[in-house]
Structure formats: C-alpha cells, structure tokens
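Shown next: protein05.pdb, containing PDB, C-alpha atoms and all ligand atoms.
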ATOM      1  CA  MET U   1      11.222  10.411  63.093
ATOM      2  CA  ILE U   2       9.037  12.941  64.887
ATOM      3  CA  ILE U   3       6.086  11.490  66.806
ATOM      4  CA  SER U   4       3.569  13.885  68.364
ATOM      5  CA  ASP U   5       3.389  13.844  72.172
ATOM      6  CA  GLU U   6      -0.197  12.626  72.145
ATOM      7  CA  ILE U   7       0.644   9.663  69.910
ATOM      8  CA  LYS U   8       3.880   8.831  71.754
ATOM      9  CA  ASN U   9       1.978   8.818  75.021
ATOM     10  CA  ALA U  10      -0.774   6.566  73.632
ATOM     11  CA  ILE U  11       1.763   4.087  72.217
ATOM     12  CA  ASN U  12       3.665   3.926  75.499
ATOM     13  CA  LYS U  13       0.462   3.297  77.437
ATOM     14  CA  ASN U  14      -0.763   0.613  75.018
ATOM     15  CA  GLN U  15      -3.726   2.672  73.943
ATOM     16  CA  PRO U  16      -5.300   2.247  70.490
ATOM     17  CA  VAL U  17      -3.676   4.290  67.720
ATOM     18  CA  VAL U  18      -4.730   4.221  64.046
ATOM     19  CA  ALA U  19      -2.240   5.220  61.349
ATOM     20  CA  LEU U  20      -3.547   7.105  58.301
ATOM     21  CA  GLU U  21      -1.672   7.564  55.031
ATOM     22  CA  SER U  22      -0.997  10.795  53.168
ATOM     23  CA  THR U  23      -0.834   9.798  49.479
ATOM     24  CA  ILE U  24      -4.592   9.824  49.482
ATOM     25  CA  ILE U  25      -4.295  13.537  50.403
ATOM     26  CA  SER U  26      -1.572  14.523  47.915
ATOM     27  CA  HIS U  27      -2.367  12.206  45.004
ATOM     28  CA  GLY U  28      -5.715  10.556  45.681
ATOM     29  CA  MET U  29      -8.193  13.419  45.870
ATOM     30  CA  PRO U  30      -8.534  16.993  44.606
ATOM     31  CA  TYR U  31      -8.378  20.093  46.834
ATOM     32  CA  PRO U  32     -10.275  20.944  49.039
ATOM     33  CA  GLU U  33     -11.953  17.534  49.410
ATOM     34  CA  ASN U  34      -8.559  16.014  50.213
ATOM     35  CA  ILE U  35      -7.887  18.163  53.269
ATOM     36  CA  GLU U  36     -11.504  17.981  54.424
ATOM     37  CA  THR U  37     -11.296  14.203  54.235
ATOM     38  CA  ALA U  38      -7.927  14.094  56.022
ATOM     39  CA  LYS U  39      -9.404  16.061  58.914
ATOM     40  CA  ALA U  40     -12.679  14.116  58.913
ATOM     41  CA  LEU U  41     -10.747  10.827  59.133
ATOM     42  CA  GLU U  42      -8.923  11.974  62.245
ATOM     43  CA  GLU U  43     -12.290  12.934  63.767
ATOM     44  CA  VAL U  44     -13.818   9.553  62.919
ATOM     45  CA  VAL U  45     -10.894   7.734  64.550
ATOM     46  CA  ARG U  46     -11.293   9.819  67.728
ATOM     47  CA  GLU U  47     -15.079   9.388  67.842
ATOM     48  CA  ASN U  48     -14.496   5.656  67.819
ATOM     49  CA  GLY U  49     -12.061   5.633  70.686
ATOM     50  CA  ALA U  50      -8.602   5.679  69.123
ATOM     51  CA  ILE U  51      -5.878   8.255  68.478
ATOM     52  CA  PRO U  52      -5.286   9.159  64.811
ATOM     53  CA  ALA U  53      -1.723   9.235  63.461
ATOM     54  CA  THR U  54      -1.501  10.667  59.959
ATOM     55  CA  ILE U  55       1.950   9.974  58.511
ATOM     56  CA  ALA U  56       4.102  11.781  55.922
ATOM     57  CA  VAL U  57       7.709  12.823  55.291
ATOM     58  CA  ILE U  58       8.177  16.500  56.106
ATOM     59  CA  GLU U  59      11.531  18.101  55.295
ATOM     60  CA  GLY U  60      13.431  14.859  55.507
ATOM     61  CA  LYS U  61      11.823  13.465  58.645
ATOM     62  CA  ILE U  62       9.085  10.874  59.079
ATOM     63  CA  LYS U  63       6.343  12.742  60.885
ATOM     64  CA  VAL U  64       3.761  10.726  62.800
ATOM     65  CA  GLY U  65       0.884  13.057  63.666
ATOM     66  CA  LEU U  66       0.565  16.044  61.317
ATOM     67  CA  ASP U  67      -0.519  19.565  62.203
ATOM     68  CA  ASP U  68      -2.814  21.775  60.109
ATOM     69  CA  ARG U  69       0.150  23.339  58.334
ATOM     70  CA  ASP U  70       1.491  19.951  57.235
ATOM     71  CA  LEU U  71      -1.950  18.859  56.021
ATOM     72  CA  GLU U  72      -2.473  22.117  54.114
ATOM     73  CA  PHE U  73       0.951  21.675  52.489
ATOM     74  CA  LEU U  74       0.305  18.064  51.444
ATOM     75  CA  ALA U  75      -3.141  18.964  50.132
ATOM     76  CA  LYS U  76      -2.025  21.950  48.047
ATOM     77  CA  ASP U  77       1.626  21.743  47.065
ATOM     78  CA  LYS U  78       2.088  20.093  43.684
ATOM     79  CA  SER U  79       5.782  19.447  44.367
ATOM     80  CA  VAL U  80       4.988  16.829  47.026
ATOM     81  CA  VAL U  81       6.207  13.456  45.784
ATOM     82  CA  LYS U  82       4.556  10.125  46.447
ATOM     83  CA  ALA U  83       6.886   7.920  48.485
ATOM     84  CA  SER U  84       6.606   4.173  48.433
ATOM     85  CA  ARG U  85       9.076   1.762  50.176
ATOM     86  CA  ARG U  86      11.766   2.358  47.562
ATOM     87  CA  ASP U  87      11.555   6.160  47.817
ATOM     88  CA  LEU U  88      11.589   6.489  51.585
ATOM     89  CA  PRO U  89      15.386   6.420  52.169
ATOM     90  CA  VAL U  90      15.909   8.921  49.354
ATOM     91  CA  ALA U  91      13.279  11.367  50.619
ATOM     92  CA  LEU U  92      14.771  11.189  54.117
ATOM     93  CA  ALA U  93      18.440  11.459  53.103
ATOM     94  CA  LEU U  94      17.839  14.323  50.667
ATOM     95  CA  LYS U  95      15.540  16.123  53.130
ATOM     96  CA  LYS U  96      12.507  16.120  50.837
ATOM     97  CA  SER U  97       8.851  16.301  51.740
ATOM     98  CA  ALA U  98       6.725  13.414  50.540
ATOM     99  CA  SER U  99       3.411  11.739  51.083
ATOM    100  CA  THR U 100       3.531   8.084  52.060
ATOM    101  CA  THR U 101       1.744   5.279  50.207
ATOM    102  CA  VAL U 102       0.341   2.206  51.918
ATOM    103  CA  SER U 103       3.758   0.502  51.861
ATOM    104  CA  ALA U 104       5.701   3.489  53.226
ATOM    105  CA  THR U 105       3.010   4.215  55.819
ATOM    106  CA  MET U 106       3.159   0.595  57.021
ATOM    107  CA  ILE U 107       6.943   0.875  57.410
ATOM    108  CA  ALA U 108       6.663   4.144  59.349
ATOM    109  CA  ALA U 109       3.789   2.896  61.523
ATOM    110  CA  ASN U 110       5.728  -0.234  62.393
ATOM    111  CA  LEU U 111       8.850   1.767  63.298
ATOM    112  CA  ALA U 112       6.718   3.960  65.543
ATOM    113  CA  GLY U 113       5.057   0.954  67.227
ATOM    114  CA  ILE U 114       1.621   1.437  65.650
ATOM    115  CA  LYS U 115      -0.159  -1.793  64.693
ATOM    116  CA  PHE U 116      -3.322  -0.559  62.960
ATOM    117  CA  PHE U 117      -3.727   1.392  59.751
ATOM    118  CA  ALA U 118      -6.769   2.515  57.756
ATOM    119  CA  THR U 119      -6.687   3.474  54.083
ATOM    120  CA  GLY U 120      -9.081   3.610  51.126
ATOM    121  CA  GLY U 121      -7.948   0.945  48.733
ATOM    122  CA  ILE U 122      -4.587  -0.764  48.635
ATOM    123  CA  GLY U 123      -2.466  -0.941  45.528
ATOM    124  CA  GLY U 124      -2.303  -4.304  43.772
ATOM    125  CA  VAL U 125      -1.756  -6.133  40.514
ATOM    126  CA  HIS U 126      -2.644  -3.796  37.662
ATOM    127  CA  ARG U 127      -4.770  -4.985  34.761
ATOM    128  CA  GLY U 128      -2.434  -6.071  31.996
ATOM    129  CA  ALA U 129       0.357  -6.754  34.514
ATOM    130  CA  GLY U 130       1.345  -9.715  32.326
ATOM    131  CA  GLN U 131       2.743  -7.116  29.937
ATOM    132  CA  SER U 132       3.526  -4.138  32.193
ATOM    133  CA  PHE U 133       4.702  -6.056  35.291
ATOM    134  CA  ASP U 134       2.979  -3.311  37.306
ATOM    135  CA  ILE U 135       2.368  -4.743  40.768
ATOM    136  CA  SER U 136       2.121  -2.314  43.684
ATOM    137  CA  ALA U 137       4.784  -2.557  46.386
ATOM    138  CA  ASP U 138       1.836  -2.509  48.820
ATOM    139  CA  LEU U 139       1.401  -6.259  48.312
ATOM    140  CA  GLN U 140       4.984  -7.173  49.205
ATOM    141  CA  GLU U 141       4.747  -4.864  52.186
ATOM    142  CA  LEU U 142       1.756  -6.792  53.509
ATOM    143  CA  ALA U 143       3.959  -9.876  53.402
ATOM    144  CA  LYS U 144       6.785  -8.365  55.421
ATOM    145  CA  THR U 145       5.550  -5.685  57.806
ATOM    146  CA  PRO U 146       3.366  -6.607  60.801
ATOM    147  CA  VAL U 147       0.610  -4.011  60.515
ATOM    148  CA  PHE U 148      -3.138  -4.686  60.348
ATOM    149  CA  VAL U 149      -4.537  -2.827  57.327
ATOM    150  CA  VAL U 150      -8.211  -1.970  56.861
ATOM    151  CA  SER U 151      -9.186  -1.159  53.271
ATOM    152  CA  ALA U 152     -12.186  -1.354  50.957
ATOM    153  CA  GLY U 153     -10.245  -3.907  48.942
ATOM    154  CA  PRO U 154      -7.793  -3.249  46.140
ATOM    155  CA  LYS U 155      -8.723  -0.205  44.058
ATOM    156  CA  ALA U 156     -11.233  -1.253  41.375
ATOM    157  CA  ILE U 157      -8.904  -0.057  38.633
ATOM    158  CA  LEU U 158      -6.800  -3.169  39.362
ATOM    159  CA  ASP U 159      -7.035  -6.843  38.523
ATOM    160  CA  ILE U 160      -8.675  -8.067  41.707
ATOM    161  CA  PRO U 161      -8.485 -11.858  41.168
ATOM    162  CA  LEU U 162      -4.753 -11.571  40.415
ATOM    163  CA  THR U 163      -4.269  -9.320  43.446
ATOM    164  CA  MET U 164      -5.928 -11.977  45.625
ATOM    165  CA  GLU U 165      -3.753 -14.668  44.076
ATOM    166  CA  TYR U 166      -0.614 -12.642  44.741
ATOM    167  CA  LEU U 167      -1.543 -12.093  48.401
ATOM    168  CA  GLU U 168      -2.242 -15.793  48.748
ATOM    169  CA  THR U 169       1.141 -16.643  47.237
ATOM    170  CA  MET U 170       2.862 -14.296  49.678
ATOM    171  CA  GLY U 171       1.013 -15.887  52.619
ATOM    172  CA  VAL U 172      -0.928 -12.783  53.613
ATOM    173  CA  THR U 173      -4.066 -13.382  55.669
ATOM    174  CA  VAL U 174      -6.991 -11.660  53.951
ATOM    175  CA  LEU U 175     -10.254 -11.272  55.850
ATOM    176  CA  GLY U 176     -13.631 -10.065  54.637
ATOM    177  CA  TYR U 177     -15.520  -7.873  57.077
ATOM    178  CA  ASN U 178     -19.026  -9.283  57.264
ATOM    179  CA  SER U 179     -18.514 -10.484  53.741
ATOM    180  CA  ASP U 180     -17.506 -13.709  52.000
ATOM    181  CA  TYR U 181     -16.054 -11.651  49.157
ATOM    182  CA  LEU U 182     -13.273  -9.172  48.760
ATOM    183  CA  PRO U 183     -14.796  -5.730  48.167
ATOM    184  CA  ALA U 184     -13.890  -3.827  44.993
ATOM    185  CA  PHE U 185     -13.401  -0.342  46.422
ATOM    186  CA  TYR U 186     -16.282   1.446  44.608
ATOM    187  CA  TYR U 187     -18.629  -1.521  44.958
ATOM    188  CA  ARG U 188     -19.155  -4.122  47.647
ATOM    189  CA  ASN U 189     -18.543  -7.395  45.913
ATOM    190  CA  SER U 190     -15.628  -8.095  43.562
ATOM    191  CA  GLY U 191     -16.894 -11.634  42.979
ATOM    192  CA  CYS U 192     -13.599 -12.821  44.423
ATOM    193  CA  LYS U 193     -14.028 -15.075  47.478
ATOM    194  CA  VAL U 194     -12.055 -14.582  50.672
ATOM    195  CA  ASP U 195     -11.173 -17.569  52.832
ATOM    196  CA  TRP U 196     -12.344 -15.958  56.037
ATOM    197  CA  ASN U 197     -15.273 -13.786  56.944
ATOM    198  CA  CYS U 198     -14.714 -11.877  60.142
ATOM    199  CA  LYS U 199     -17.922 -10.817  61.855
ATOM    200  CA  ASN U 200     -16.954  -8.075  64.301
ATOM    201  CA  PRO U 201     -14.051  -6.036  65.746
ATOM    202  CA  LYS U 202     -13.452  -8.614  68.493
ATOM    203  CA  GLU U 203     -12.875 -11.445  65.995
ATOM    204  CA  ALA U 204     -10.502  -9.279  63.995
ATOM    205  CA  ALA U 205      -8.573  -8.271  67.130
ATOM    206  CA  ASP U 206      -8.341 -11.905  68.287
ATOM    207  CA  ILE U 207      -7.079 -13.058  64.907
ATOM    208  CA  PHE U 208      -4.385 -10.372  64.837
ATOM    209  CA  LYS U 209      -3.356 -11.109  68.434
ATOM    210  CA  THR U 210      -2.946 -14.778  67.552
ATOM    211  CA  HIS U 211      -0.974 -13.844  64.434
ATOM    212  CA  GLN U 212       1.384 -11.809  66.642
ATOM    213  CA  ASN U 213       1.649 -14.623  69.193
ATOM    214  CA  LEU U 214       2.729 -16.952  66.411
ATOM    215  CA  GLY U 215       5.570 -14.537  65.756
ATOM    216  CA  TYR U 216       4.467 -13.787  62.194
ATOM    217  CA  ARG U 217       6.314 -10.859  60.681
ATOM    218  CA  SER U 218       3.699 -10.266  57.984
ATOM    219  CA  GLY U 219       0.766  -7.896  57.961
ATOM    220  CA  MET U 220      -2.914  -8.664  57.568
ATOM    221  CA  LEU U 221      -5.594  -7.249  55.288
ATOM    222  CA  LEU U 222      -9.229  -6.663  56.141
ATOM    223  CA  GLY U 223     -11.582  -5.943  53.238
ATOM    224  CA  ASN U 224     -14.383  -3.720  54.486
ATOM    225  CA  PRO U 225     -17.096  -3.174  51.845
ATOM    226  CA  VAL U 226     -18.273   0.396  51.223
ATOM    227  CA  PRO U 227     -21.702   1.037  52.845
ATOM    228  CA  GLU U 228     -24.494   0.104  50.444
ATOM    229  CA  ILE U 229     -25.920   3.614  50.181
ATOM    230  CA  PHE U 230     -22.597   4.917  48.858
ATOM    231  CA  GLU U 231     -21.627   2.095  46.512
ATOM    232  CA  LEU U 232     -21.461   2.761  42.787
ATOM    233  CA  ASP U 233     -23.208   0.589  40.247
ATOM    234  CA  LYS U 234     -20.738  -2.030  39.030
ATOM    235  CA  ASN U 235     -21.519  -1.650  35.319
ATOM    236  CA  PHE U 236     -21.459   2.117  35.508
ATOM    237  CA  ILE U 237     -18.056   2.329  37.183
ATOM    238  CA  GLU U 238     -16.513  -0.546  35.225
ATOM    239  CA  ASN U 239     -17.356   1.288  31.980
ATOM    240  CA  LYS U 240     -15.742   4.430  33.341
ATOM    241  CA  ILE U 241     -12.672   2.467  34.450
ATOM    242  CA  GLU U 242     -12.300   1.056  30.917
ATOM    243  CA  GLU U 243     -12.465   4.593  29.582
ATOM    244  CA  ALA U 244      -9.850   5.844  32.078
ATOM    245  CA  LEU U 245      -7.546   2.895  31.345
ATOM    246  CA  ALA U 246      -7.785   3.544  27.596
ATOM    247  CA  GLU U 247      -6.881   7.183  28.158
ATOM    248  CA  ALA U 248      -3.872   6.226  30.327
ATOM    249  CA  GLU U 249      -2.703   3.838  27.630
ATOM    250  CA  LYS U 250      -3.070   6.499  24.950
ATOM    251  CA  LEU U 251      -1.063   9.021  26.974
ATOM    252  CA  GLY U 252       1.572   6.458  27.911
ATOM    253  CA  ILE U 253       1.093   6.917  31.683
ATOM    254  CA  LYS U 254       3.311   4.509  33.627
ATOM    255  CA  GLY U 255       4.668   3.581  37.062
ATOM    256  CA  GLY U 256       3.767   5.649  40.105
ATOM    257  CA  LYS U 257       1.752   8.084  37.989
ATOM    258  CA  THR U 258      -0.777   5.430  36.945
ATOM    259  CA  THR U 259      -2.932   5.242  40.075
ATOM    260  CA  PRO U 260      -3.203   9.035  40.606
ATOM    261  CA  PHE U 261      -4.014   9.509  36.911
ATOM    262  CA  LEU U 262      -6.778   6.899  36.938
ATOM    263  CA  LEU U 263      -8.356   8.248  40.126
ATOM    264  CA  GLY U 264      -8.270  11.794  38.723
ATOM    265  CA  LYS U 265      -9.735  10.714  35.408
ATOM    266  CA  LEU U 266     -12.545   8.804  37.115
ATOM    267  CA  TYR U 267     -13.397  11.879  39.163
ATOM    268  CA  GLU U 268     -13.713  13.837  35.938
ATOM    269  CA  ILE U 269     -15.774  11.354  33.947
ATOM    270  CA  THR U 270     -18.130  10.380  36.774
ATOM    271  CA  ASP U 271     -18.903  14.028  37.618
ATOM    272  CA  GLY U 272     -17.407  13.585  41.062
ATOM    273  CA  GLU U 273     -19.350  10.412  41.933
ATOM    274  CA  SER U 274     -16.168   8.351  42.339
ATOM    275  CA  LEU U 275     -14.803  10.856  44.838
ATOM    276  CA  LYS U 276     -17.958  10.842  46.966
ATOM    277  CA  THR U 277     -17.753   7.070  47.278
ATOM    278  CA  ASN U 278     -14.020   7.202  47.938
ATOM    279  CA  VAL U 279     -14.476   9.676  50.807
ATOM    280  CA  GLU U 280     -17.215   7.608  52.428
ATOM    281  CA  LEU U 281     -15.377   4.321  52.185
ATOM    282  CA  VAL U 282     -12.223   5.667  53.812
ATOM    283  CA  LYS U 283     -14.289   7.100  56.656
ATOM    284  CA  MET U 284     -15.896   3.722  57.217
ATOM    285  CA  ASN U 285     -12.472   2.061  57.178
ATOM    286  CA  ALA U 286     -11.165   4.548  59.753
ATOM    287  CA  LYS U 287     -14.126   3.729  61.975
ATOM    288  CA  VAL U 288     -13.804  -0.045  61.727
ATOM    289  CA  CYS U 289     -10.034   0.173  62.219
ATOM    290  CA  ALA U 290     -10.459   2.257  65.385
ATOM    291  CA  LEU U 291     -12.971  -0.246  66.784
ATOM    292  CA  ILE U 292     -10.615  -3.160  66.098
ATOM    293  CA  ALA U 293      -7.639  -1.328  67.650
ATOM    294  CA  LYS U 294      -9.762  -0.615  70.712
ATOM    295  CA  GLU U 295     -10.693  -4.288  71.084
ATOM    296  CA  PHE U 296      -7.054  -5.268  70.624
ATOM    297  CA  TYR U 297      -5.827  -3.148  73.527
ATOM    298  CA  ASP U 298      -8.836  -3.728  75.836
TER     299      ASP U 298
HETATM  300  N1  LIG D 301      -6.421   4.573  48.528
HETATM  301  C1  LIG D 301      -7.167   5.602  48.074
HETATM  302  N2  LIG D 301      -6.539   6.558  47.322
HETATM  303  C2  LIG D 301      -5.181   6.496  47.043
HETATM  304  C3  LIG D 301      -4.395   5.404  47.542
HETATM  305  C4  LIG D 301      -5.083   4.469  48.272
HETATM  306  O1  LIG D 301      -8.382   5.667  48.335
HETATM  307  O2  LIG D 301      -4.653   7.386  46.396
HETATM  308  C5  LIG D 301      -2.889   5.324  47.278
HETATM  309  C6  LIG D 301      -2.230   4.514  48.399
HETATM  310  O3  LIG D 301      -1.276   5.333  49.020
HETATM  311  C7  LIG D 301      -1.604   3.327  47.715
HETATM  312  C8  LIG D 301      -1.257   3.902  46.382
HETATM  313  O4  LIG D 301      -0.500   2.832  48.415
HETATM  314  O5  LIG D 301      -2.448   4.661  46.083
HETATM  315  C9  LIG D 301      -0.910   2.812  45.385
HETATM  316  O6  LIG D 301      -0.086   3.335  44.398
HETATM  317  P1  LIG D 301       0.682   2.330  43.379
HETATM  318  O7  LIG D 301      -0.436   1.645  42.654
HETATM  319  O8  LIG D 301       1.504   3.226  42.491
HETATM  320  O9  LIG D 301       1.500   1.415  44.217
HETATM  321 MN    MN D 302       2.868   0.507  40.202
END

Is it possible to express this structure as structure tokens?
Amino acid sequence: MIISDEIKNAINKNQPVVALESTIISHGMPYPENIETAKALEEVVRENGAIPATIAVIEGKIKVGLDDRDLEFLAKDKSVVKASRRDLPVALALKKSASTTVSATMIAANLAGIKFFATGGIGGVHRGAGQSFDISADLQELAKTPVFVVSAGPKAILDIPLTMEYLETMGVTVLGYNSDYLPAFYYRNSGCKVDWNCKNPKEAADIFKTHQNLGYRSGMLLGNPVPEIFELDKNFIENKIEEALAEAEKLGIKGGKTTPFLLGKLYEITDGESLKTNVELVKMNAKVCALIAKEFYD
C-alpha cells in the first residue's frame, strides 16, 4: 500500500481524513465530468477542514492519495477494472490497475487507518433480486468493516426497502441526516423510514465514537439527502429507471456491469440531468463527511 505523505502525516496526528472511492470516476460518470468531479471532491473536503484520500489500485498496489496522472488514467482508460472485495487480492497479486468500489474502498481505508468515507450512493439489493440474487457486496462490507460511510442512500436503481431490510438484518446502524427517511440518491425521500435521525456533525461523530468504544467491528451508514434544488422529480426519474432496467434486461446485462450500465443509460435518456444531480450529491456528501470527521477528531 502506498499512502501519500500528507495523508500518512494526518493519520498519525489524528487529524480528519476523508476517503473517496474511484469506481465513481472509472465507471460512474463520463469523461470529463468524472475527473472534474474527482478533483472538485478533494477541494470540497479540504474547504471543510479535512484531508482527502482518493483510493484506487495502481499497478498492483493500493494507492491512498492519487496524483493527477492517476486520476487522468482512471478517468480515461477503458481497461481499468472495477474492484470490489472479491477482486482486490487478484488485482494486487497480478499487478493490475483497478478502481475501488465502496466495499474495496472501505477495506483499503480501514487498512490505512482512515475512519470516514464519502461516496455517492452505495450498492444494495437490486430490483428483482429474488430471481437474480444480485446484492452488492457493499452491504456485507458495512457489516464487517469499521468505516463511517456518508452516501445519498442506495442508488435509486435498487430496491430500497429490501436494501434497508438487509442492512437491518446485518446489524448495520443506518442514520438519516436531518431526515426521518432514507434518501433515494436522485431524490430526497425514498419513503423508507430510518430508525434514527441525526441532526448535525457532532451527533454523528458522537454516535460513531460510541460505536467504536463498544468495540463494534461493523461500519455505519449515514443517508444524506441531495439538496432540494438539485433533486430530480421522483416520477420523472422512476420512469427513466424503468426504461433503463428494461434495456438492461433486454441486453442481458449482469453482475458488476449492471450498475455502470444503468447509470450510463440514465445519463443518456435524461439528457444529462441524472449526472448533474449525481455530481452535486457526492459533493454534498464529501462536505458533510469532512465536517463529521472534523468533529470526531476535535
Ligand atoms: N456511487 C455513485 N456512482 C457509482 C458508485 C457509487 O454515485 O458508480 C459505485 C460504487 O463504487 C459502488 C458500486 O460500490 O457503484 C456498486 O456496484 P455493484 O452494484 O456492482 O456492487
Ligand atoms: Mn451486483
């Protein structure tokens, strides 16, 4: 693992560090919005008092803190693979380059000693999982790796009530951020209640501190709704999601290709509206995550 000097120094001094994932760059957004967003996220984290740590696998090593060349490569090179928990040992042993999903980024962050991580939307239980069995490894990771994850909820392409149920079964603490409901990525309210509404960064930091003091080895999920001005109309986006899902079904898209396909398709059929919202919600998550990390180490 290669950790940048700045990040290593911050970790050693117990200063706030926020991990950022790289699948969103390689498989979540088109070029050049992906690299612009990757850079903007690092800025947002800094502006809010924490050190950003974007994570990927570069030539067989976990790299914590990427330079411009790495970001450019992840944003442009179509050969970059998407590495989840199960892929990580292979990518490292065979000296591949790969972007890391929420699960792989949590593993890397935890190994590096980073406790906070901001993403867009986590993976979850896919619609029709009763048939396909498609449940993202992100959910299991939240149950076994002690990292605090800020997201705008599960991606709306998923089955959100089943995702909530799964997290509950695995004993993962799920918090709403100033909301009684889990957000649905593109829109603020999934209609799915959360047990706990956390009102500010201090409450979130206190809850995570207590969780650590109890010796829990699991992670925690904060659902931060997209700002109102950027949210998409529920009916509008749900119709588009149906359309994208039908297309995926027709083409026989499966496994790790499903999420990138659906996000790409939505971009196309919403004339870029889905991407605009996606960019804004990740930025907001990076901000909130930095503020919570700052409280935690204060
Ligand atoms: N959030 C986004 N865009 C993304 C992802 C999250 O705004 O592309 C990625 C994350 O890396 C997440 C992955 O872990 O999608 C889930 O993929 P799957 O459903 O195959 O587990
Ligand atoms: Mn899957």

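Using all atoms listed in the file, the shortest contact distance between ligand LIG 301 (chain D) and any of U:Phe236, U:Phe296, U:Tyr177, U:Phe185 is found at U:Phe185.
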
**Protein and nucleic residues near ligand LIG 301 (chain D), 6 Å, all atoms listed in the file, as a PyMOL selection string** = chain U and resi 23-24+27-28+101-103+119-123+136-138+256+259+278

Please produce a file of those selected residues containing C-alpha atoms, as a CSV table (one decimal), keeping the file's coordinate frame.
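Okay, result-v5.csv is ready:
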chain,number,residue,atom,x,y,z
U,23,THR,CA,-0.8,9.8,49.5
U,24,ILE,CA,-4.6,9.8,49.5
U,27,HIS,CA,-2.4,12.2,45.0
U,28,GLY,CA,-5.7,10.6,45.7
U,101,THR,CA,1.7,5.3,50.2
U,102,VAL,CA,0.3,2.2,51.9
U,103,SER,CA,3.8,0.5,51.9
U,119,THR,CA,-6.7,3.5,54.1
U,120,GLY,CA,-9.1,3.6,51.1
U,121,GLY,CA,-7.9,0.9,48.7
U,122,ILE,CA,-4.6,-0.8,48.6
U,123,GLY,CA,-2.5,-0.9,45.5
U,136,SER,CA,2.1,-2.3,43.7
U,137,ALA,CA,4.8,-2.6,46.4
U,138,ASP,CA,1.8,-2.5,48.8
U,256,GLY,CA,3.8,5.6,40.1
U,259,THR,CA,-2.9,5.2,40.1
U,278,ASN,CA,-14.0,7.2,47.9

Do you have, as a Markdown table, the list of residues of region 90-197 of chain U lying at most 6 Å from region 203-219 of chain U, each with its nearest atom pair and that distance in Å to one decimal, counting all atoms listed in the file and ordered by chain then number?
| residue | atom | partner | partner_atom | distance |
| --- | --- | --- | --- | --- |
| U:Leu142 | CA | U:Gly219 | CA | 4.7 |
| U:Ala143 | CA | U:Ser218 | CA | 4.6 |
| U:Lys144 | CA | U:Ser218 | CA | 4.4 |
| U:Thr145 | CA | U:Ser218 | CA | 4.9 |
| U:Pro146 | CA | U:Gly219 | CA | 4.1 |
| U:Val147 | CA | U:Gly219 | CA | 4.7 |
| U:Phe148 | CA | U:Gly219 | CA | 5.6 |

**Request:** Please identify the residues whose atoms come within 12 Å of ligand MN 302 (chain D), using all atoms listed in the file, and report them as a ChimeraX atom specification.
**Result:** /U:82-86,101,103,122-129,132-139,157-158,253-261

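For the set U:Val194, U:Val18, U:Ala152, U:Ile35, the residue with the smallest atom-to-atom gap to Gly223 (chain U) is U:Ala152, counting only C-alpha atoms.
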
**Prompt:** Quick one: which residues end up in the PyMOL selection byres (((chain U and resi 282) around 9) and not hetatm) for this structure, as a ChimeraX atom specification?
**Reply:** /U:37,41,118-121,151-152,226,277-281,283-287

**Message:** Report as a ChimeraX atom specification all protein, DNA and RNA residues lying within 9 Å of region 10-12 of chain U, evaluated on all atoms listed in the file, omitting residues in the same chain fewer than 4 positions from it.
**Reply:** /U:5-6,16-17,51,112-114

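CA of Leu167 (chain U) sits 23.0 Å away from CA of Leu88 (chain U).
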
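Between Phe73 (chain U) and the residues U:Val90, U:Asn48, U:Ser22, U:Ala156, the shortest atom-to-atom distance, using only C-alpha atoms, involves U:Ser22.
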
**Residue nearest Leu266 (chain U) - candidates U:Pro227, U:Leu222, U:Asn197, U:Lys155, atoms counted: all atoms listed in the file** = U:Lys155

**Request:** Choose the residue, out of U:Lys115, U:Lys61, U:Lys240, U:Lys199, that has the smallest atom-to-atom separation from Ala98 (chain U); count only C-alpha atoms.
**Result:** U:Lys61

**Request:** Rank nothing, just name the residue among U:Glu141, U:Glu47, U:Glu72, U:Glu165 nearest to Thr105 (chain U), using only C-alpha atoms.
**Result:** U:Glu141

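Taking CA of Tyr181 (chain U) and CA of Glu242 (chain U) as endpoints, the distance between them is 22.5 Å.
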
**Request:** Provide the CA of Ala293 (chain U) to CA of Val45 (chain U) distance in Å, to one decimal place.
**Result:** 10.1 Å

**Message:** Starting from the PyMOL selection byres (((chain U and resi 53) around 7) and not hetatm), expand the selection into actual residues of this file and give them as an MDAnalysis selection string.
**Reply:** chainID U and resid 7 17:20 51:52 54:55 64:65

**Item:** Selection under test: the PyMOL selection byres (((chain U and resi 70) around 12) and not hetatm); residues as an NGL selection string
**Value:** :U and (22 or 25-26 or 35 or 38-39 or 54-59 or 62-69 or 71-77 or 80 or 97-99)

All file atoms of region 133-144 of chain U boxed axis-aligned, 5 Å per side, centre plus edges, as AutoDock Vina command-line options:
--center_x 4.1 --center_y -6.1 --center_z 45.4 --size_x 15.4 --size_y 17.6 --size_z 30.1
